[in-house]
Amino acid sequence: MSAGREIRLIEEDDGWWSAVDEQTGIASQGATRQEALENLDEAVELATEARDDDTPAPEPDAPWFDD
């Protein structure tokens, strides 16, 4: 059984919805409540995958990074 997630849904003045995962601090938005929640699920999944990825960050290749 999952401990659950605490998600805050906010209807913005422009009619869009914001969804915030309180545990991770990740937020997303959508034109509807459902869309905001689906976008939040995707954002949390992508952030989790990125955190779990052991691949080192690529070296910068822009000329302004040359010493």
# chains A, B, ... in the order shown; residues from 1 in each chain; ligands from 1

$ residues_around --residues "segment 41-49 of chain A" --least-positions-apart "6" --cutoff "8 Å" --atoms "only C-alpha atoms" --output "ChimeraX atom specification"
/A:24,26-28

$ write_last_selection --atoms "all heavy atoms" --output "PDB file, in the first residue's frame"
ATOM      1  N   THR A  24       7.879  16.562  -3.556  1.00  0.00           N
ATOM      2  CA  THR A  24       9.027  16.807  -4.423  1.00  0.00           C
ATOM      3  C   THR A  24       9.209  18.274  -4.771  1.00  0.00           C
ATOM      4  O   THR A  24      10.287  18.671  -5.201  1.00  0.00           O
ATOM      5  CB  THR A  24       8.880  16.017  -5.741  1.00  0.00           C
ATOM      6  OG1 THR A  24       7.723  16.497  -6.435  1.00  0.00           O
ATOM      7  CG2 THR A  24       8.772  14.530  -5.493  1.00  0.00           C
ATOM      8  N   ILE A  26       7.787  19.619  -7.257  1.00  0.00           N
ATOM      9  CA  ILE A  26       7.632  19.704  -8.705  1.00  0.00           C
ATOM     10  C   ILE A  26       6.234  20.206  -9.017  1.00  0.00           C
ATOM     11  O   ILE A  26       5.261  19.808  -8.386  1.00  0.00           O
ATOM     12  CB  ILE A  26       7.892  18.331  -9.349  1.00  0.00           C
ATOM     13  CG1 ILE A  26       9.344  17.926  -9.102  1.00  0.00           C
ATOM     14  CG2 ILE A  26       7.559  18.349 -10.827  1.00  0.00           C
ATOM     15  CD1 ILE A  26       9.670  16.519  -9.506  1.00  0.00           C
ATOM     16  N   ALA A  27       6.150  21.074 -10.022  1.00  0.00           N
ATOM     17  CA  ALA A  27       4.865  21.661 -10.396  1.00  0.00           C
ATOM     18  C   ALA A  27       4.667  21.550 -11.894  1.00  0.00           C
ATOM     19  O   ALA A  27       5.621  21.425 -12.658  1.00  0.00           O
ATOM     20  CB  ALA A  27       4.807  23.123  -9.971  1.00  0.00           C
ATOM     21  N   SER A  28       3.412  21.604 -12.302  1.00  0.00           N
ATOM     22  CA  SER A  28       3.057  21.608 -13.710  1.00  0.00           C
ATOM     23  C   SER A  28       1.736  22.343 -13.849  1.00  0.00           C
ATOM     24  O   SER A  28       1.152  22.774 -12.862  1.00  0.00           O
ATOM     25  CB  SER A  28       2.956  20.181 -14.257  1.00  0.00           C
ATOM     26  OG  SER A  28       2.916  20.198 -15.666  1.00  0.00           O
TER      27      SER A  28
END

$ residues_around --residues "Leu37 of chain A" --least-positions-apart "2" --cutoff "10 Å" --atoms "only C-alpha atoms" --output "MDAnalysis selection string"
chainID A and resid 7:9 17:21 27:30 32:35 39:43

$ atom_distance --atom1 "atom CA of Glu22 of chain A" --atom2 "atom CA of Arg5 of chain A"
7.7 Å
